[in-house]
>>> print(open('start.pdb').read())   # PDB, C-alpha atoms and all ligand atoms
ATOM      1  CA  MET A   1      36.081 159.387  84.957
ATOM      2  CA  ILE A   2      38.777 161.385  86.755
ATOM      3  CA  LYS A   3      42.070 159.489  87.013
ATOM      4  CA  ASN A   4      43.772 159.202  90.418
ATOM      5  CA  SER A   5      40.608 160.321  92.192
ATOM      6  CA  ILE A   6      38.691 158.847  95.122
ATOM      7  CA  GLU A   7      35.024 159.453  95.792
ATOM      8  CA  LEU A   8      33.082 158.247  98.828
ATOM      9  CA  LYS A   9      29.281 158.466  98.805
ATOM     10  CA  HIS A  10      27.236 157.695 101.916
ATOM     11  CA  VAL A  11      29.688 155.052 103.166
ATOM     12  CA  PHE A  12      28.593 153.109 106.258
ATOM     13  CA  LYS A  13      30.567 150.349 107.977
ATOM     14  CA  LYS A  14      29.567 147.962 110.717
ATOM     15  CA  TYR A  15      31.722 144.950 111.682
ATOM     16  CA  GLN A  16      29.920 141.643 111.970
ATOM     17  CA  ALA A  17      29.533 140.545 115.599
ATOM     18  CA  PRO A  18      30.904 137.023 116.248
ATOM     19  CA  THR A  19      28.115 134.487 116.288
ATOM     20  CA  SER A  20      27.887 131.471 118.531
ATOM     21  CA  PHE A  21      25.064 129.113 119.421
ATOM     22  CA  PHE A  22      25.386 129.976 123.126
ATOM     23  CA  ALA A  23      26.160 133.705 122.935
ATOM     24  CA  PRO A  24      23.228 136.123 122.882
ATOM     25  CA  LYS A  25      22.633 137.661 119.476
ATOM     26  CA  LYS A  26      24.429 141.004 119.334
ATOM     27  CA  GLU A  27      24.514 143.865 116.853
ATOM     28  CA  ASN A  28      27.735 145.849 116.565
ATOM     29  CA  PRO A  29      27.374 149.631 116.262
ATOM     30  CA  PHE A  30      28.343 151.429 113.076
ATOM     31  CA  VAL A  31      32.060 152.277 113.036
ATOM     32  CA  LEU A  32      31.606 154.689 110.121
ATOM     33  CA  GLN A  33      28.401 156.550 109.448
ATOM     34  CA  ASP A  34      27.611 158.360 106.218
ATOM     35  CA  ILE A  35      31.081 159.290 104.973
ATOM     36  CA  ASN A  36      31.064 161.594 101.938
ATOM     37  CA  LEU A  37      34.313 162.799 100.459
ATOM     38  CA  LYS A  38      36.071 163.630  97.197
ATOM     39  CA  ILE A  39      39.844 163.367  96.920
ATOM     40  CA  ALA A  40      41.220 165.106  93.845
ATOM     41  CA  PRO A  41      44.006 163.762  91.605
ATOM     42  CA  GLY A  42      47.465 164.524  92.953
ATOM     43  CA  GLU A  43      46.164 165.637  96.344
ATOM     44  CA  PHE A  44      48.003 164.951  99.601
ATOM     45  CA  HIS A  45      45.028 164.063 101.786
ATOM     46  CA  ILE A  46      45.165 163.296 105.505
ATOM     47  CA  PHE A  47      42.704 161.334 107.634
ATOM     48  CA  LEU A  48      43.115 162.739 111.145
ATOM     49  CA  GLY A  49      41.309 161.390 114.187
ATOM     50  CA  ARG A  50      41.615 159.860 117.606
ATOM     51  CA  SER A  51      42.536 156.236 118.053
ATOM     52  CA  GLY A  52      39.630 153.907 117.308
ATOM     53  CA  CYS A  53      37.533 156.365 115.267
ATOM     54  CA  GLY A  54      37.726 154.256 112.121
ATOM     55  CA  LYS A  55      40.492 155.844 110.025
ATOM     56  CA  SER A  56      42.159 152.501 109.260
ATOM     57  CA  THR A  57      38.786 150.901 108.604
ATOM     58  CA  LEU A  58      38.015 153.500 105.931
ATOM     59  CA  LEU A  59      41.511 153.257 104.474
ATOM     60  CA  ASN A  60      41.178 149.456 104.257
ATOM     61  CA  ILE A  61      37.813 149.801 102.524
ATOM     62  CA  ILE A  62      39.380 152.163  99.948
ATOM     63  CA  ALA A  63      42.348 149.779  99.556
ATOM     64  CA  GLY A  64      39.877 146.944  98.883
ATOM     65  CA  PHE A  65      40.880 144.829 101.902
ATOM     66  CA  LEU A  66      37.564 145.274 103.728
ATOM     67  CA  PRO A  67      33.961 145.368 102.493
ATOM     68  CA  LYS A  68      31.810 148.377 103.288
ATOM     69  CA  THR A  69      28.329 147.820 104.709
ATOM     70  CA  SER A  70      26.686 150.261 102.314
ATOM     71  CA  GLY A  71      27.420 153.265 100.123
ATOM     72  CA  GLN A  72      29.754 153.771  97.206
ATOM     73  CA  VAL A  73      33.557 153.785  97.125
ATOM     74  CA  LEU A  74      34.841 154.912  93.738
ATOM     75  CA  VAL A  75      38.486 154.910  92.682
ATOM     76  CA  ASN A  76      39.074 156.393  89.250
ATOM     77  CA  GLY A  77      35.301 156.322  88.837
ATOM     78  CA  HIS A  78      35.030 152.542  89.419
ATOM     79  CA  GLU A  79      33.463 150.858  92.425
ATOM     80  CA  VAL A  80      36.152 149.221  94.607
ATOM     81  CA  ALA A  81      35.613 145.482  94.875
ATOM     82  CA  ALA A  82      39.122 144.227  95.725
ATOM     83  CA  PRO A  83      42.720 145.410  96.076
ATOM     84  CA  GLY A  84      44.238 146.564  92.796
ATOM     85  CA  ARG A  85      47.428 147.814  91.195
ATOM     86  CA  ASP A  86      45.950 151.304  91.029
ATOM     87  CA  ARG A  87      46.359 151.525  94.854
ATOM     88  CA  GLY A  88      49.670 150.947  96.644
ATOM     89  CA  VAL A  89      49.501 150.441 100.404
ATOM     90  CA  VAL A  90      52.166 151.159 103.031
ATOM     91  CA  PHE A  91      51.465 149.749 106.508
ATOM     92  CA  GLN A  92      52.667 150.931 109.907
ATOM     93  CA  ASN A  93      54.255 147.590 110.754
ATOM     94  CA  ALA A  94      56.968 147.148 108.144
ATOM     95  CA  ASP A  95      58.169 143.911 109.755
ATOM     96  CA  ALA A  96      54.842 142.281 108.961
ATOM     97  CA  ALA A  97      54.710 143.792 105.477
ATOM     98  CA  ILE A  98      58.102 142.918 103.973
ATOM     99  CA  PHE A  99      59.604 139.467 103.515
ATOM    100  CA  PRO A 100      62.502 138.862 105.955
ATOM    101  CA  TRP A 101      64.062 136.190 103.732
ATOM    102  CA  LEU A 102      64.336 138.471 100.688
ATOM    103  CA  THR A 103      66.837 141.292 100.111
ATOM    104  CA  VAL A 104      65.711 144.898  99.674
ATOM    105  CA  TYR A 105      65.985 144.462  95.898
ATOM    106  CA  GLU A 106      64.022 141.201  95.918
ATOM    107  CA  ASN A 107      61.298 142.649  98.154
ATOM    108  CA  VAL A 108      60.770 145.559  95.769
ATOM    109  CA  SER A 109      60.931 143.248  92.762
ATOM    110  CA  TYR A 110      58.535 140.637  94.177
ATOM    111  CA  GLY A 111      55.214 142.198  93.110
ATOM    112  CA  LEU A 112      56.438 142.756  89.563
ATOM    113  CA  LYS A 113      57.668 139.156  89.401
ATOM    114  CA  MET A 114      54.214 137.950  90.478
ATOM    115  CA  GLN A 115      52.753 139.983  87.617
ATOM    116  CA  HIS A 116      55.089 138.137  85.212
ATOM    117  CA  PHE A 117      57.358 141.060  84.402
ATOM    118  CA  SER A 118      60.580 139.629  82.970
ATOM    119  CA  GLU A 119      63.867 140.259  84.763
ATOM    120  CA  LYS A 120      64.847 142.655  81.978
ATOM    121  CA  GLU A 121      61.631 144.618  82.503
ATOM    122  CA  ARG A 122      61.902 144.554  86.311
ATOM    123  CA  THR A 123      65.497 145.702  86.717
ATOM    124  CA  PRO A 124      65.133 149.347  85.597
ATOM    125  CA  ILE A 125      61.839 149.762  87.494
ATOM    126  CA  VAL A 126      63.276 148.380  90.740
ATOM    127  CA  ASN A 127      66.496 150.388  90.417
ATOM    128  CA  GLN A 128      64.536 153.569  89.772
ATOM    129  CA  SER A 129      62.239 152.963  92.762
ATOM    130  CA  LEU A 130      65.202 152.232  95.056
ATOM    131  CA  LYS A 131      66.920 155.411  93.878
ATOM    132  CA  LEU A 132      63.752 157.423  94.471
ATOM    133  CA  VAL A 133      63.593 156.351  98.133
ATOM    134  CA  GLY A 134      67.367 156.562  98.651
ATOM    135  CA  LEU A 135      67.996 152.828  99.062
ATOM    136  CA  ASP A 136      70.062 152.222  95.932
ATOM    137  CA  GLN A 137      73.194 151.645  98.037
ATOM    138  CA  HIS A 138      71.374 149.077 100.225
ATOM    139  CA  ALA A 139      69.776 146.873  97.564
ATOM    140  CA  ASN A 140      71.516 143.681  98.711
ATOM    141  CA  LYS A 141      70.777 144.024 102.407
ATOM    142  CA  TYR A 142      68.228 141.891 104.256
ATOM    143  CA  PRO A 143      65.452 143.488 106.385
ATOM    144  CA  TYR A 144      67.232 142.578 109.652
ATOM    145  CA  GLU A 145      70.109 144.833 108.555
ATOM    146  CA  LEU A 146      67.810 147.862 108.095
ATOM    147  CA  SER A 147      66.586 150.606 110.443
ATOM    148  CA  GLY A 148      62.844 151.272 110.898
ATOM    149  CA  GLY A 149      62.986 154.209 108.485
ATOM    150  CA  MET A 150      64.797 152.125 105.858
ATOM    151  CA  LYS A 151      62.140 149.398 106.127
ATOM    152  CA  GLN A 152      59.451 152.008 105.474
ATOM    153  CA  ARG A 153      61.458 153.135 102.440
ATOM    154  CA  VAL A 154      61.352 149.505 101.199
ATOM    155  CA  GLN A 155      57.561 149.505 101.514
ATOM    156  CA  ILE A 156      57.284 152.834  99.668
ATOM    157  CA  ALA A 157      59.655 151.633  96.908
ATOM    158  CA  ARG A 158      57.687 148.401  96.551
ATOM    159  CA  SER A 159      54.436 150.340  96.144
ATOM    160  CA  ILE A 160      55.929 152.887  93.746
ATOM    161  CA  SER A 161      57.418 150.125  91.562
ATOM    162  CA  ASN A 162      53.863 149.081  90.677
ATOM    163  CA  ASP A 163      53.208 152.643  89.495
ATOM    164  CA  PRO A 164      49.922 153.000  91.421
ATOM    165  CA  ASP A 165      47.658 155.997  90.849
ATOM    166  CA  ILE A 166      47.160 156.354  94.581
ATOM    167  CA  LEU A 167      49.535 155.759  97.477
ATOM    168  CA  ILE A 168      47.745 154.821 100.704
ATOM    169  CA  LEU A 169      49.742 155.036 103.940
ATOM    170  CA  ASP A 170      48.435 153.892 107.339
ATOM    171  CA  GLU A 171      50.404 155.652 110.115
ATOM    172  CA  PRO A 172      53.627 154.711 108.314
ATOM    173  CA  PHE A 173      55.930 156.699 110.595
ATOM    174  CA  GLY A 174      54.108 156.038 113.870
ATOM    175  CA  ALA A 175      56.744 153.612 115.176
ATOM    176  CA  LEU A 176      59.762 155.760 114.248
ATOM    177  CA  ASP A 177      61.726 158.057 116.545
ATOM    178  CA  ALA A 178      60.997 161.788 116.206
ATOM    179  CA  GLN A 179      64.075 162.635 114.124
ATOM    180  CA  THR A 180      63.644 159.744 111.670
ATOM    181  CA  ARG A 181      59.944 160.566 111.409
ATOM    182  CA  ARG A 182      60.734 164.136 110.316
ATOM    183  CA  ILE A 183      63.277 162.870 107.750
ATOM    184  CA  MET A 184      60.713 160.411 106.366
ATOM    185  CA  GLN A 185      58.024 163.093 106.222
ATOM    186  CA  ASP A 186      60.363 165.284 104.138
ATOM    187  CA  GLU A 187      61.187 162.279 101.955
ATOM    188  CA  LEU A 188      57.515 161.543 101.363
ATOM    189  CA  ILE A 189      56.840 165.159 100.342
ATOM    190  CA  ARG A 190      59.773 164.971  97.912
ATOM    191  CA  ILE A 191      58.508 161.651  96.457
ATOM    192  CA  TRP A 192      54.971 163.026  96.160
ATOM    193  CA  GLN A 193      56.182 166.174  94.374
ATOM    194  CA  LYS A 194      58.320 164.098  92.029
ATOM    195  CA  THR A 195      55.772 161.383  91.193
ATOM    196  CA  LYS A 196      52.598 163.533  91.455
ATOM    197  CA  LYS A 197      50.711 160.550  92.937
ATOM    198  CA  THR A 198      47.537 161.058  94.928
ATOM    199  CA  ILE A 199      48.408 160.388  98.567
ATOM    200  CA  LEU A 200      46.031 159.254 101.304
ATOM    201  CA  PHE A 201      47.764 159.323 104.680
ATOM    202  CA  VAL A 202      46.299 158.237 108.027
ATOM    203  CA  THR A 203      47.563 159.717 111.283
ATOM    204  CA  HIS A 204      46.384 160.644 114.759
ATOM    205  CA  ASP A 205      49.260 163.130 115.103
ATOM    206  CA  ILE A 206      48.129 166.758 114.677
ATOM    207  CA  GLN A 207      51.678 168.053 114.045
ATOM    208  CA  GLU A 208      52.193 165.433 111.341
ATOM    209  CA  ALA A 209      48.886 166.290 109.666
ATOM    210  CA  ALA A 210      49.774 170.009 109.675
ATOM    211  CA  TYR A 211      53.258 169.365 108.286
ATOM    212  CA  LEU A 212      52.123 167.105 105.432
ATOM    213  CA  GLY A 213      48.553 167.700 104.374
ATOM    214  CA  GLN A 214      47.060 169.784 101.579
ATOM    215  CA  LYS A 215      43.648 168.643 102.764
ATOM    216  CA  ILE A 216      42.983 167.339 106.280
ATOM    217  CA  SER A 217      39.780 165.382 106.922
ATOM    218  CA  ILE A 218      38.941 165.418 110.616
ATOM    219  CA  PHE A 219      37.079 162.401 112.008
ATOM    220  CA  SER A 220      34.557 162.641 114.818
ATOM    221  CA  PRO A 221      35.073 160.275 117.786
ATOM    222  CA  ALA A 222      33.909 156.639 117.808
ATOM    223  CA  PRO A 223      31.432 155.089 117.493
ATOM    224  CA  ALA A 224      29.598 155.983 114.286
ATOM    225  CA  SER A 225      32.373 158.337 113.173
ATOM    226  CA  ASN A 226      31.909 160.801 110.409
ATOM    227  CA  ILE A 227      34.126 163.403 108.799
ATOM    228  CA  TYR A 228      33.449 166.623 110.729
ATOM    229  CA  LYS A 229      35.216 168.839 108.311
ATOM    230  CA  THR A 230      37.871 168.873 105.602
ATOM    231  CA  ILE A 231      40.371 171.700 106.005
ATOM    232  CA  THR A 232      42.364 173.051 103.045
ATOM    233  CA  VAL A 233      45.940 174.006 103.898
ATOM    234  CA  ASP A 234      47.229 176.392 101.274
ATOM    235  CA  TYR A 235      50.630 177.460 102.517
ATOM    236  CA  PRO A 236      53.517 176.028 100.534
ATOM    237  CA  TYR A 237      56.081 173.271 101.087
ATOM    238  CA  PRO A 238      58.594 172.899 102.605
ATOM    239  CA  ARG A 239      56.713 173.858 105.739
ATOM    240  CA  ASN A 240      58.274 175.435 108.765
ATOM    241  CA  VAL A 241      56.958 174.037 112.035
ATOM    242  CA  PHE A 242      57.912 177.288 113.764
ATOM    243  CA  SER A 243      56.031 179.552 111.311
ATOM    244  CA  LYS A 244      52.945 181.572 112.250
ATOM    245  CA  ASP A 245      50.926 179.664 109.583
ATOM    246  CA  ASN A 246      51.839 176.335 111.162
ATOM    247  CA  GLU A 247      51.113 177.559 114.674
ATOM    248  CA  GLN A 248      47.664 178.790 113.602
ATOM    249  CA  LEU A 249      46.839 175.540 111.828
ATOM    250  CA  VAL A 250      47.941 173.377 114.775
ATOM    251  CA  THR A 251      45.846 175.541 117.112
ATOM    252  CA  GLU A 252      42.832 175.191 114.805
ATOM    253  CA  LEU A 253      43.259 171.407 114.609
ATOM    254  CA  ASN A 254      43.754 171.121 118.374
ATOM    255  CA  ASN A 255      40.340 172.756 118.871
ATOM    256  CA  TYR A 256      38.763 169.635 117.358
ATOM    257  CA  PHE A 257      40.508 167.391 119.904
ATOM    258  CA  PRO A 258      40.017 168.912 123.365
ATOM    259  CA  ILE A 259      42.185 167.397 126.095
ATOM    260  CA  GLY A 260      40.057 165.013 128.103
ATOM    261  CA  GLY A 261      37.494 164.922 125.273
ATOM    262  CA  ARG A 262      36.586 161.671 123.588
TER     263      ARG A 262
HETATM  264  N1  LIG B   1      37.895 143.234 112.702
HETATM  265  C1  LIG B   1      37.193 143.974 113.557
HETATM  266  N2  LIG B   1      36.100 143.475 114.151
HETATM  267  C2  LIG B   1      35.353 144.233 114.988
HETATM  268  N3  LIG B   1      35.635 145.519 115.297
HETATM  269  C3  LIG B   1      36.725 146.057 114.719
HETATM  270  C4  LIG B   1      37.563 145.322 113.833
HETATM  271  N4  LIG B   1      38.578 146.139 113.420
HETATM  272  C5  LIG B   1      38.375 147.327 114.043
HETATM  273  N5  LIG B   1      37.276 147.277 114.809
HETATM  274  C6  LIG B   1      36.716 148.376 115.612
HETATM  275  O1  LIG B   1      36.437 149.471 114.731
HETATM  276  C7  LIG B   1      36.743 150.695 115.344
HETATM  277  C8  LIG B   1      37.670 151.499 114.446
HETATM  278  O2  LIG B   1      38.936 150.842 114.353
HETATM  279  P1  LIG B   1      40.097 151.411 113.429
HETATM  280  O3  LIG B   1      41.266 150.515 113.585
HETATM  281  O4  LIG B   1      39.566 151.621 112.056
HETATM  282  O5  LIG B   1      40.370 152.834 114.102
HETATM  283  P2  LIG B   1      41.566 153.846 113.897
HETATM  284  O6  LIG B   1      40.982 155.200 113.904
HETATM  285  O7  LIG B   1      42.373 153.470 112.705
HETATM  286  O8  LIG B   1      42.418 153.602 115.217
HETATM  287  P3  LIG B   1      44.023 153.663 115.450
HETATM  288  O9  LIG B   1      44.447 155.089 115.197
HETATM  289  O10 LIG B   1      44.148 153.260 116.882
HETATM  290  O11 LIG B   1      44.636 152.681 114.507
HETATM  291  C9  LIG B   1      37.316 150.369 116.715
HETATM  292  O12 LIG B   1      36.293 150.491 117.669
HETATM  293  C10 LIG B   1      37.736 148.932 116.597
HETATM  294  O13 LIG B   1      37.640 148.266 117.836
END
>>> encode(input="start.pdb", output="structure tokens")
Amino acid sequence: MIKNSIELKHVFKKYQAPTSFFAPKKENPFVLQDINLKIAPGEFHIFLGRSGCGKSTLLNIIAGFLPKTSGQVLVNGHEVAAPGRDRGVVFQNADAAIFPWLTVYENVSYGLKMQHFSEKERTPIVNQSLKLVGLDQHANKYPYELSGGMKQRVQIARSISNDPDILILDEPFGALDAQTRRIMQDELIRIWQKTKKTILFVTHDIQEAAYLGQKISIFSPAPASNIYKTITVDYPYPRNVFSKDNEQLVTELNNYFPIGGR
């Protein structure tokens, strides 16, 4: 068993069509068809693809929120059957993910409290997580007092406080303005380098994939999406969006998504 690893073997996914006595019987197409992938411990891995190709579906299967139709999904060598502490998830919509009636501190502390950590045990973990994401000065604020970027920091701190092996992020910066998005991308790289977690990050933004990813898995269009190719990006961080390396990578990635193509 390799710790912090993810392995996908022949994963297929088809959503169940709604059934009704009056509606004609209908079969939904496969959303994902024969996905095979290995994500190594400590890797920063990107799922890149057009809207609707099934990136979030696969991420939710790995997180344990959705069942697969067939195949094997192994996290740390064990078949995924449900969500678990080994996987922390950060969603795009922070407003739906954090509790509006709890402070920043209480939101980050909540999961640990549910796992019966005592207050004495929780305090240093929560303080450390808040410091890591730069929210230590905002611990007593409520979500309505926070910017979009700060709310995403709360989600990241909450996940990190559980000390997951793998951090799973579903378009976490998609709703942020361009400047905040770049700041959060730099923050995430810093957190990844510090914690050495395995990161699985979903995006449809080519520039974002090129700026963040060590490995970029490119999804084919819907339906019945597959992973076309996984590209290894071996130039170092921090990356310069104006560098020749970056320009070449963005051009290469753009070739997989022709304008006007599906
Ligand atoms: N609960 C569901 N029931 C039926 N079909 C679904 C369900 N959830 C998603 N789908 C379909 O599965 C396909 C993949 O959706 P998914 O959200 O995984 O794509 P995505 O690549 O993450 O898209 P986006 O980037 O827009 O979030 C889409 O065709 C979508 O309509």
>>> residues_around(input="start.pdb", residues="segment 158-174 of chain A", least_positions_apart="6", cutoff="7 Å", atoms="only C-alpha atoms", output="PyMOL selection string")
chain A and resi 4+56+85-92+107-108+112+125-126+129+181+197-203
>>> residues_near_ligand(input="start.pdb", ligand="ligand LIG 1 (chain B)", cutoff="10 Å", atoms="only C-alpha atoms and all ligand atoms", output="PyMOL selection string")
chain A and resi 13-18+28-32+47-61+66+92+170-171+174+202-205+219-225
>>> residues_near_point(input="start.pdb", point="(36.6, 153.0, 95.3)", cutoff="12 Å", atoms="all atoms listed in the file", output="number ranges by chain")
A: 3-9, 11, 37-39, 58-68, 71-84, 86-87, 166
>>> atom_distance(input="start.pdb", atom1="atom CA of Ile156 of chain A", atom2="atom CA of Lys120 of chain A")
21.8 Å
>>> residues_around(input="start.pdb", residues="Ser217 of chain A", least_positions_apart="4", cutoff="7 Å", atoms="all atoms listed in the file", output="MDAnalysis selection string")
chainID A and resid 46:48 227 229:231
>>> write_last_selection(input="start.pdb", atoms="C-alpha atoms", output="short mmCIF file (atom, residue, chain, number, x, y, z; two decimals), keeping the file's coordinate frame")
data_model
loop_
_atom_site.label_atom_id
_atom_site.label_comp_id
_atom_site.auth_asym_id
_atom_site.auth_seq_id
_atom_site.Cartn_x
_atom_site.Cartn_y
_atom_site.Cartn_z
CA ILE A 46 45.16 163.30 105.50
CA PHE A 47 42.70 161.33 107.63
CA LEU A 48 43.12 162.74 111.14
CA ILE A 227 34.13 163.40 108.80
CA LYS A 229 35.22 168.84 108.31
CA THR A 230 37.87 168.87 105.60
CA ILE A 231 40.37 171.70 106.00
#
>>> atom_distance(input="start.pdb", atom1="atom CA of Trp101 of chain A", atom2="atom CA of Tyr142 of chain A")
7.1 Å
>>> closest_residue(input="start.pdb", among="A:Ile98, A:Lys131, A:Asn226, A:Lys141", to="Gly111 of chain A", atoms="all atoms listed in the file")
A:Ile98
>>> atom_distance(input="start.pdb", atom1="atom CA of Ile216 of chain A", atom2="atom CA of Leu253 of chain A")
9.3 Å
>>> axis_aligned_box(input="start.pdb", around="segment 166-172 of chain A", padding_each_side="8 Å", output="lines of an AutoDock Vina configuration file")
center_x = 50.4
center_y = 155.1
center_z = 102.3
size_x = 22.5
size_y = 18.5
size_z = 31.5
>>> closest_residue(input="start.pdb", among="A:Ala209, A:Val104, A:Ala157, A:Ile35", to="Val133 of chain A", atoms="all atoms listed in the file")
A:Ala157
